[in-house]
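Next comes my_file_39.pdb, a file with PDB, C-alpha atoms, pLDDT in the B column.
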```
ATOM      1  CA  MET A   1      96.014  87.907 175.573  1.00 37.00           C
ATOM      2  CA  ALA A   2      95.199  85.127 178.027  1.00 38.00           C
ATOM      3  CA  ASP A   3      91.460  85.354 177.220  1.00 41.00           C
ATOM      4  CA  LEU A   4      91.967  85.692 173.481  1.00 42.00           C
ATOM      5  CA  PHE A   5      94.259  82.704 173.169  1.00 50.00           C
ATOM      6  CA  ALA A   6      92.723  80.326 175.703  1.00 52.00           C
ATOM      7  CA  ALA A   7      92.381  76.843 174.218  1.00 54.00           C
ATOM      8  CA  GLY A   8      88.864  75.868 173.224  1.00 54.00           C
ATOM      9  CA  ARG A   9      87.106  72.492 173.193  1.00 56.00           C
ATOM     10  CA  VAL A  10      89.401  69.767 174.462  1.00 68.00           C
ATOM     11  CA  GLU A  11      87.818  66.630 173.003  1.00 85.00           C
ATOM     12  CA  VAL A  12      90.551  64.238 171.895  1.00 92.00           C
ATOM     13  CA  VAL A  13      90.740  61.525 169.230  1.00 94.00           C
ATOM     14  CA  ASP A  14      93.204  58.615 169.511  1.00 96.00           C
ATOM     15  CA  ILE A  15      94.467  57.884 165.995  1.00 97.00           C
ATOM     16  CA  GLY A  16      95.228  54.267 166.959  1.00 95.00           C
ATOM     17  CA  LEU A  17      98.057  53.332 164.583  1.00 97.00           C
ATOM     18  CA  PRO A  18     100.167  50.350 165.786  1.00 97.00           C
ATOM     19  CA  GLY A  19     103.573  51.258 167.173  1.00 97.00           C
ATOM     20  CA  SER A  20     102.553  54.877 167.672  1.00 98.00           C
ATOM     21  CA  ASP A  21     101.007  57.254 170.177  1.00 98.00           C
ATOM     22  CA  ILE A  22      99.171  59.905 168.161  1.00 98.00           C
ATOM     23  CA  LYS A  23      96.297  61.988 169.473  1.00 97.00           C
ATOM     24  CA  CYS A  24      94.338  64.808 167.845  1.00 97.00           C
ATOM     25  CA  TRP A  25      92.346  67.655 169.377  1.00 96.00           C
ATOM     26  CA  PRO A  26      90.293  68.870 166.359  1.00 95.00           C
ATOM     27  CA  TYR A  27      89.142  72.070 168.123  1.00 93.00           C
ATOM     28  CA  PHE A  28      92.012  72.946 170.438  1.00 95.00           C
ATOM     29  CA  TYR A  29      91.397  76.568 169.443  1.00 95.00           C
ATOM     30  CA  GLY A  30      87.993  77.856 168.378  1.00 93.00           C
ATOM     31  CA  GLU A  31      87.436  79.227 164.876  1.00 94.00           C
ATOM     32  CA  GLN A  32      87.729  82.893 165.841  1.00 95.00           C
ATOM     33  CA  GLU A  33      90.780  82.381 168.048  1.00 95.00           C
ATOM     34  CA  ALA A  34      92.473  80.277 165.369  1.00 97.00           C
ATOM     35  CA  GLN A  35      91.957  82.992 162.740  1.00 97.00           C
ATOM     36  CA  GLN A  36      93.303  85.697 165.038  1.00 97.00           C
ATOM     37  CA  LEU A  37      96.316  83.574 165.847  1.00 98.00           C
ATOM     38  CA  PHE A  38      96.929  82.889 162.159  1.00 98.00           C
ATOM     39  CA  ASP A  39      96.857  86.611 161.369  1.00 98.00           C
ATOM     40  CA  GLN A  40      99.344  87.437 164.111  1.00 98.00           C
ATOM     41  CA  LEU A  41     101.662  84.512 163.383  1.00 98.00           C
ATOM     42  CA  HIS A  42     101.641  85.392 159.689  1.00 98.00           C
ATOM     43  CA  SER A  43     102.652  89.010 160.302  1.00 97.00           C
ATOM     44  CA  LYS A  44     104.882  88.787 163.370  1.00 96.00           C
ATOM     45  CA  LEU A  45     107.101  85.718 163.023  1.00 97.00           C
ATOM     46  CA  GLU A  46     110.419  85.926 161.182  1.00 94.00           C
ATOM     47  CA  TRP A  47     109.537  83.742 158.193  1.00 96.00           C
ATOM     48  CA  ARG A  48     112.490  82.816 156.008  1.00 92.00           C
ATOM     49  CA  PRO A  49     113.187  80.675 152.957  1.00 92.00           C
ATOM     50  CA  GLU A  50     115.684  77.927 153.659  1.00 82.00           C
ATOM     51  CA  GLN A  51     118.196  76.028 151.598  1.00 77.00           C
ATOM     52  CA  LEU A  52     118.264  72.270 152.174  1.00 70.00           C
ATOM     53  CA  ARG A  53     121.262  70.019 151.558  1.00 68.00           C
ATOM     54  CA  ILE A  54     119.939  66.700 150.251  1.00 68.00           C
ATOM     55  CA  TYR A  55     122.031  64.013 148.557  1.00 71.00           C
ATOM     56  CA  GLY A  56     124.825  66.480 147.910  1.00 72.00           C
ATOM     57  CA  ARG A  57     122.541  69.074 146.283  1.00 76.00           C
ATOM     58  CA  THR A  58     121.317  72.388 147.668  1.00 77.00           C
ATOM     59  CA  ILE A  59     117.653  73.104 147.001  1.00 78.00           C
ATOM     60  CA  GLU A  60     115.175  75.686 148.272  1.00 85.00           C
ATOM     61  CA  ALA A  61     112.530  74.188 150.539  1.00 87.00           C
ATOM     62  CA  PRO A  62     108.944  74.563 149.243  1.00 92.00           C
ATOM     63  CA  ARG A  63     107.804  76.437 152.348  1.00 96.00           C
ATOM     64  CA  LEU A  64     108.988  79.156 154.756  1.00 97.00           C
ATOM     65  CA  THR A  65     110.260  78.416 158.245  1.00 94.00           C
ATOM     66  CA  ALA A  66     110.823  80.143 161.589  1.00 94.00           C
ATOM     67  CA  TRP A  67     112.737  78.669 164.536  1.00 92.00           C
ATOM     68  CA  TYR A  68     112.442  79.853 168.146  1.00 94.00           C
ATOM     69  CA  GLY A  69     113.772  78.346 171.343  1.00 90.00           C
ATOM     70  CA  ASP A  70     115.166  78.899 174.783  1.00 88.00           C
ATOM     71  CA  THR A  71     118.826  79.823 175.135  1.00 70.00           C
ATOM     72  CA  ASP A  72     121.238  77.502 173.277  1.00 66.00           C
ATOM     73  CA  LYS A  73     118.449  75.333 171.845  1.00 59.00           C
ATOM     74  CA  ASP A  74     119.787  75.146 168.280  1.00 61.00           C
ATOM     75  CA  TYR A  75     118.316  72.572 165.917  1.00 62.00           C
ATOM     76  CA  CYS A  76     119.988  70.704 163.041  1.00 61.00           C
ATOM     77  CA  TYR A  77     118.289  68.885 160.152  1.00 58.00           C
ATOM     78  CA  SER A  78     118.864  68.373 156.416  1.00 55.00           C
ATOM     79  CA  GLY A  79     122.338  69.868 156.733  1.00 57.00           C
ATOM     80  CA  LEU A  80     121.077  73.108 158.303  1.00 63.00           C
ATOM     81  CA  VAL A  81     121.724  74.609 161.730  1.00 66.00           C
ATOM     82  CA  HIS A  82     118.841  76.712 163.071  1.00 66.00           C
ATOM     83  CA  LYS A  83     120.083  79.158 165.711  1.00 70.00           C
ATOM     84  CA  SER A  84     117.604  79.742 168.503  1.00 73.00           C
ATOM     85  CA  ILE A  85     115.718  83.034 168.774  1.00 83.00           C
ATOM     86  CA  SER A  86     113.857  83.742 172.014  1.00 89.00           C
ATOM     87  CA  MET A  87     110.139  83.127 171.773  1.00 93.00           C
ATOM     88  CA  PRO A  88     108.035  86.286 171.439  1.00 95.00           C
ATOM     89  CA  PRO A  89     105.084  86.694 173.855  1.00 95.00           C
ATOM     90  CA  LEU A  90     102.644  85.276 171.284  1.00 96.00           C
ATOM     91  CA  LEU A  91     104.484  81.958 171.008  1.00 97.00           C
ATOM     92  CA  ASP A  92     105.120  81.827 174.734  1.00 96.00           C
ATOM     93  CA  GLN A  93     101.378  82.188 175.405  1.00 96.00           C
ATOM     94  CA  ILE A  94     100.644  79.285 173.049  1.00 97.00           C
ATOM     95  CA  ARG A  95     103.350  77.275 174.818  1.00 97.00           C
ATOM     96  CA  GLN A  96     101.698  78.002 178.169  1.00 96.00           C
ATOM     97  CA  ASN A  97      98.356  76.754 176.823  1.00 95.00           C
ATOM     98  CA  LEU A  98     100.029  73.491 175.841  1.00 96.00           C
ATOM     99  CA  LEU A  99     101.531  73.205 179.317  1.00 96.00           C
ATOM    100  CA  VAL A 100      98.114  73.709 180.938  1.00 93.00           C
ATOM    101  CA  HIS A 101      96.282  71.208 178.730  1.00 93.00           C
ATOM    102  CA  LEU A 102      98.993  68.610 178.136  1.00 94.00           C
ATOM    103  CA  GLY A 103     101.075  68.953 181.288  1.00 94.00           C
ATOM    104  CA  ARG A 104     104.191  69.194 179.097  1.00 94.00           C
ATOM    105  CA  HIS A 105     106.740  71.984 178.772  1.00 94.00           C
ATOM    106  CA  PHE A 106     108.423  72.598 175.408  1.00 96.00           C
ATOM    107  CA  ASN A 107     111.645  74.561 174.993  1.00 94.00           C
ATOM    108  CA  SER A 108     111.501  75.227 171.252  1.00 94.00           C
ATOM    109  CA  VAL A 109     109.190  75.505 168.249  1.00 96.00           C
ATOM    110  CA  LEU A 110     109.640  75.128 164.502  1.00 94.00           C
ATOM    111  CA  GLY A 111     107.146  77.063 162.414  1.00 96.00           C
ATOM    112  CA  ASN A 112     106.337  76.132 158.821  1.00 97.00           C
ATOM    113  CA  MET A 113     104.359  78.340 156.473  1.00 98.00           C
ATOM    114  CA  TYR A 114     102.841  76.582 153.487  1.00 98.00           C
ATOM    115  CA  ARG A 115     102.062  79.601 151.311  1.00 98.00           C
ATOM    116  CA  HIS A 116      99.651  77.692 149.040  1.00 98.00           C
ATOM    117  CA  GLY A 117      98.934  74.164 147.912  1.00 98.00           C
ATOM    118  CA  HIS A 118     102.156  73.953 145.914  1.00 98.00           C
ATOM    119  CA  ASP A 119     104.174  74.101 149.158  1.00 98.00           C
ATOM    120  CA  SER A 120     104.796  70.804 150.896  1.00 97.00           C
ATOM    121  CA  ILE A 121     107.152  68.667 152.960  1.00 96.00           C
ATOM    122  CA  GLY A 122     108.225  65.151 151.990  1.00 95.00           C
ATOM    123  CA  TRP A 123     108.343  61.940 153.983  1.00 96.00           C
ATOM    124  CA  HIS A 124     110.427  62.215 157.136  1.00 95.00           C
ATOM    125  CA  SER A 125     110.537  61.461 160.862  1.00 95.00           C
ATOM    126  CA  ASP A 126     111.370  63.990 163.553  1.00 92.00           C
ATOM    127  CA  ASP A 127     114.126  61.768 164.900  1.00 87.00           C
ATOM    128  CA  GLU A 128     117.190  64.004 165.089  1.00 84.00           C
ATOM    129  CA  PRO A 129     119.517  63.042 167.988  1.00 83.00           C
ATOM    130  CA  GLU A 130     118.907  66.295 169.875  1.00 85.00           C
ATOM    131  CA  LEU A 131     115.205  65.407 170.184  1.00 87.00           C
ATOM    132  CA  GLY A 132     115.986  62.355 172.349  1.00 86.00           C
ATOM    133  CA  CYS A 133     114.967  58.700 172.057  1.00 88.00           C
ATOM    134  CA  SER A 134     111.194  59.196 172.106  1.00 92.00           C
ATOM    135  CA  PRO A 135     110.430  62.719 170.870  1.00 95.00           C
ATOM    136  CA  ILE A 136     107.202  64.454 171.836  1.00 97.00           C
ATOM    137  CA  ILE A 137     105.958  66.757 169.087  1.00 97.00           C
ATOM    138  CA  ALA A 138     102.928  69.022 169.586  1.00 98.00           C
ATOM    139  CA  SER A 139     101.765  70.256 166.196  1.00 98.00           C
ATOM    140  CA  LEU A 140      99.270  73.133 165.878  1.00 98.00           C
ATOM    141  CA  SER A 141      97.608  74.107 162.590  1.00 98.00           C
ATOM    142  CA  PHE A 142      96.236  77.510 161.539  1.00 98.00           C
ATOM    143  CA  GLY A 143      94.787  78.663 158.234  1.00 98.00           C
ATOM    144  CA  ALA A 144      93.999  76.367 155.318  1.00 98.00           C
ATOM    145  CA  THR A 145      93.049  72.737 155.955  1.00 98.00           C
ATOM    146  CA  ARG A 146      95.765  70.422 154.627  1.00 98.00           C
ATOM    147  CA  TYR A 147      96.354  66.693 154.428  1.00 98.00           C
ATOM    148  CA  PHE A 148      98.788  65.134 156.904  1.00 98.00           C
ATOM    149  CA  ASP A 149      99.924  61.706 155.719  1.00 98.00           C
ATOM    150  CA  LEU A 150     101.542  58.953 157.768  1.00 98.00           C
ATOM    151  CA  ARG A 151     103.248  55.784 156.548  1.00 98.00           C
ATOM    152  CA  SER A 152     104.753  52.833 158.372  1.00 98.00           C
ATOM    153  CA  VAL A 153     108.547  52.556 158.309  1.00 98.00           C
ATOM    154  CA  ALA A 154     108.343  48.736 158.315  1.00 97.00           C
ATOM    155  CA  GLU A 155     105.503  48.590 155.749  1.00 97.00           C
ATOM    156  CA  PRO A 156     105.726  51.710 153.540  1.00 97.00           C
ATOM    157  CA  ARG A 157     102.537  50.785 151.678  1.00 97.00           C
ATOM    158  CA  ARG A 158     100.619  51.070 154.934  1.00 97.00           C
ATOM    159  CA  LYS A 159      99.436  54.681 155.078  1.00 98.00           C
ATOM    160  CA  HIS A 160      96.966  56.821 156.974  1.00 98.00           C
ATOM    161  CA  ARG A 161      95.658  60.261 156.032  1.00 98.00           C
ATOM    162  CA  LEU A 162      94.410  63.009 158.360  1.00 98.00           C
ATOM    163  CA  GLU A 163      92.906  66.396 157.537  1.00 98.00           C
ATOM    164  CA  LEU A 164      94.274  68.989 159.920  1.00 98.00           C
ATOM    165  CA  LYS A 165      91.965  71.980 160.231  1.00 97.00           C
ATOM    166  CA  SER A 166      92.678  75.431 161.614  1.00 98.00           C
ATOM    167  CA  GLY A 167      92.880  75.368 165.405  1.00 97.00           C
ATOM    168  CA  SER A 168      93.655  71.639 165.640  1.00 97.00           C
ATOM    169  CA  LEU A 169      96.399  70.066 167.751  1.00 97.00           C
ATOM    170  CA  LEU A 170      98.189  66.823 166.868  1.00 98.00           C
ATOM    171  CA  LEU A 171     100.403  65.212 169.522  1.00 98.00           C
ATOM    172  CA  MET A 172     102.967  62.576 168.484  1.00 98.00           C
ATOM    173  CA  SER A 173     104.866  60.794 171.243  1.00 97.00           C
ATOM    174  CA  GLY A 174     106.151  57.368 172.336  1.00 96.00           C
ATOM    175  CA  GLU A 175     107.634  55.328 169.465  1.00 97.00           C
ATOM    176  CA  THR A 176     105.831  57.263 166.726  1.00 98.00           C
ATOM    177  CA  GLN A 177     108.939  58.803 165.127  1.00 97.00           C
ATOM    178  CA  ARG A 178     110.715  55.446 165.100  1.00 96.00           C
ATOM    179  CA  ASN A 179     107.870  53.541 163.476  1.00 98.00           C
ATOM    180  CA  TRP A 180     106.113  56.128 161.306  1.00 98.00           C
ATOM    181  CA  GLN A 181     107.050  58.852 158.840  1.00 98.00           C
ATOM    182  CA  HIS A 182     104.843  61.811 157.975  1.00 98.00           C
ATOM    183  CA  SER A 183     104.445  64.350 155.185  1.00 98.00           C
ATOM    184  CA  VAL A 184     102.329  67.283 154.022  1.00 98.00           C
ATOM    185  CA  PRO A 185     101.704  66.581 150.312  1.00 98.00           C
ATOM    186  CA  LYS A 186     101.047  69.150 147.627  1.00 98.00           C
ATOM    187  CA  GLN A 187      97.391  70.092 147.106  1.00 98.00           C
ATOM    188  CA  LYS A 188      97.650  72.368 144.093  1.00 97.00           C
ATOM    189  CA  THR A 189      94.026  73.507 144.170  1.00 98.00           C
ATOM    190  CA  ILE A 190      94.443  75.173 147.589  1.00 98.00           C
ATOM    191  CA  PRO A 191      95.212  78.909 147.186  1.00 98.00           C
ATOM    192  CA  ASN A 192      95.436  79.884 150.848  1.00 98.00           C
ATOM    193  CA  PRO A 193      98.311  79.578 153.330  1.00 98.00           C
ATOM    194  CA  ARG A 194      98.624  77.273 156.308  1.00 98.00           C
ATOM    195  CA  ILE A 195     100.842  77.851 159.349  1.00 98.00           C
ATOM    196  CA  ASN A 196     102.049  74.875 161.357  1.00 98.00           C
ATOM    197  CA  LEU A 197     103.782  75.228 164.745  1.00 98.00           C
ATOM    198  CA  THR A 198     105.617  72.135 165.979  1.00 97.00           C
ATOM    199  CA  PHE A 199     106.606  72.479 169.610  1.00 98.00           C
ATOM    200  CA  ARG A 200     109.346  70.140 170.801  1.00 95.00           C
ATOM    201  CA  ASN A 201     112.163  69.683 173.300  1.00 93.00           C
ATOM    202  CA  ILE A 202     115.838  69.981 172.399  1.00 88.00           C
ATOM    203  CA  CYS A 203     117.655  67.724 174.853  1.00 85.00           C
ATOM    204  CA  THR A 204     121.255  68.834 174.299  1.00 67.00           C
TER     205      THR A 204
END
```
Will you turn the file into structure tokens for me?
Amino acid sequence: MADLFAAGRVEVVDIGLPGSDIKCWPYFYGEQEAQQLFDQLHSKLEWRPEQLRIYGRTIEAPRLTAWYGDTDKDYCYSGLVHKSISMPPLLDQIRQNLLVHLGRHFNSVLGNMYRHGHDSIGWHSDDEPELGCSPIIASLSFGATRYFDLRSVAEPRRKHRLELKSGSLLLMSGETQRNWQHSVPKQKTIPNPRINLTFRNICT
């Protein structure tokens, strides 16, 4: 497993948006490794539909999710409480790769499966209180290439679009969550699924 899931090329791109600290490793995992990881994540994680409570209404999220974390690392957002499930060896190996290359330990991970281009997530910041004042989010992508949009909180018309390919790593830290929101918009012509793992630290 260590050889199969060793991170690949480590070239890094600084996105350079004001009031943020966002870096991207386009080839954190090589093409073959990324495909093998996608296949295993798709079949082995406990993917579930979730009901979101928004503005007093309950709706089904247009994606599937899976939450894993160390003991007592529950996570709350959009009126939901995600109870922690211990990370399986596959996720723990990915976490160890992040520790080696970033020098950062993460105690939890939220997985999102976008089953096709009709699945999406709207504008939001990962700024829940249990993530601390300056959250560090390490986001890995596997499967279909999808847009990842950012917009300024102070100037909502100011936007920036990235294309996150399979095997890429996006790291958001510093004041990013305070100053920028992000989303994964619908791309209805895309038939294939994308899996996104967002490693983070629950502080409580």
TODO: Could you tell me which residues the PyMOL selection byres ((chain A and resi 109) around 6) grabs in this file, written as a ChimeraX atom specification?
DONE: /A:68,108,110,198-200
Task: For segment 44-60 of chain A: contacts at 12 Å, only C-alpha atoms, fewer than 5 positions along chain excluded, given as a PyMOL selection string - done: chain A and resi 37-39+65-68+76-82+84-91+109-115+119-122+195+197
- [ ] Identify all residues satisfying the PyMOL selection byres ((chain A and resi 18-24) around 6) in the given file; provide them as a ChimeraX atom specification.
- [x] /A:12-15,17,25-26,169-176
Open item on the list: Expand the PyMOL selection byres ((chain A and resi 154) around 12) into the explicit residue set it covers here, and present it as a ChimeraX atom specification.
Closed with: /A:18-19,151-153,155-159,178-181
Using C-alpha atoms, can you write the selected residues to a file as an mmCIF file, in the coordinates of the input?
```cif
data_model
loop_
_atom_site.group_PDB
_atom_site.id
_atom_site.type_symbol
_atom_site.label_atom_id
_atom_site.label_comp_id
_atom_site.auth_asym_id
_atom_site.auth_seq_id
_atom_site.Cartn_x
_atom_site.Cartn_y
_atom_site.Cartn_z
ATOM 1 C CA PRO A 18 100.167 50.350 165.786
ATOM 2 C CA GLY A 19 103.573 51.258 167.173
ATOM 3 C CA ARG A 151 103.248 55.784 156.548
ATOM 4 C CA SER A 152 104.753 52.833 158.372
ATOM 5 C CA VAL A 153 108.547 52.556 158.309
ATOM 6 C CA GLU A 155 105.503 48.590 155.749
ATOM 7 C CA PRO A 156 105.726 51.710 153.540
ATOM 8 C CA ARG A 157 102.537 50.785 151.678
ATOM 9 C CA ARG A 158 100.619 51.070 154.934
ATOM 10 C CA LYS A 159 99.436 54.681 155.078
ATOM 11 C CA ARG A 178 110.715 55.446 165.100
ATOM 12 C CA ASN A 179 107.870 53.541 163.476
ATOM 13 C CA TRP A 180 106.113 56.128 161.306
ATOM 14 C CA GLN A 181 107.050 58.852 158.840
#
```
Open item on the list: For a test of reading the model, state the distance in Å between atom CA of Asn192 of chain A and atom CA of His116 of chain A, rounded to one decimal.
Closed with: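 Atom-to-atom, atom CA of Asn192 of chain A to atom CA of His116 of chain A, that is 5.1 Å.
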Task: Atom-to-atom span, atom CA of Gly69 of chain A and atom CA of Ile94 of chain A, Å - done: 13.3 Å
Open item on the list: Would you compute the distance between atom CA of Ile136 of chain A and atom CA of Gly117 of chain A? Give it in Å to one decimal.
Closed with: 27.1 Å
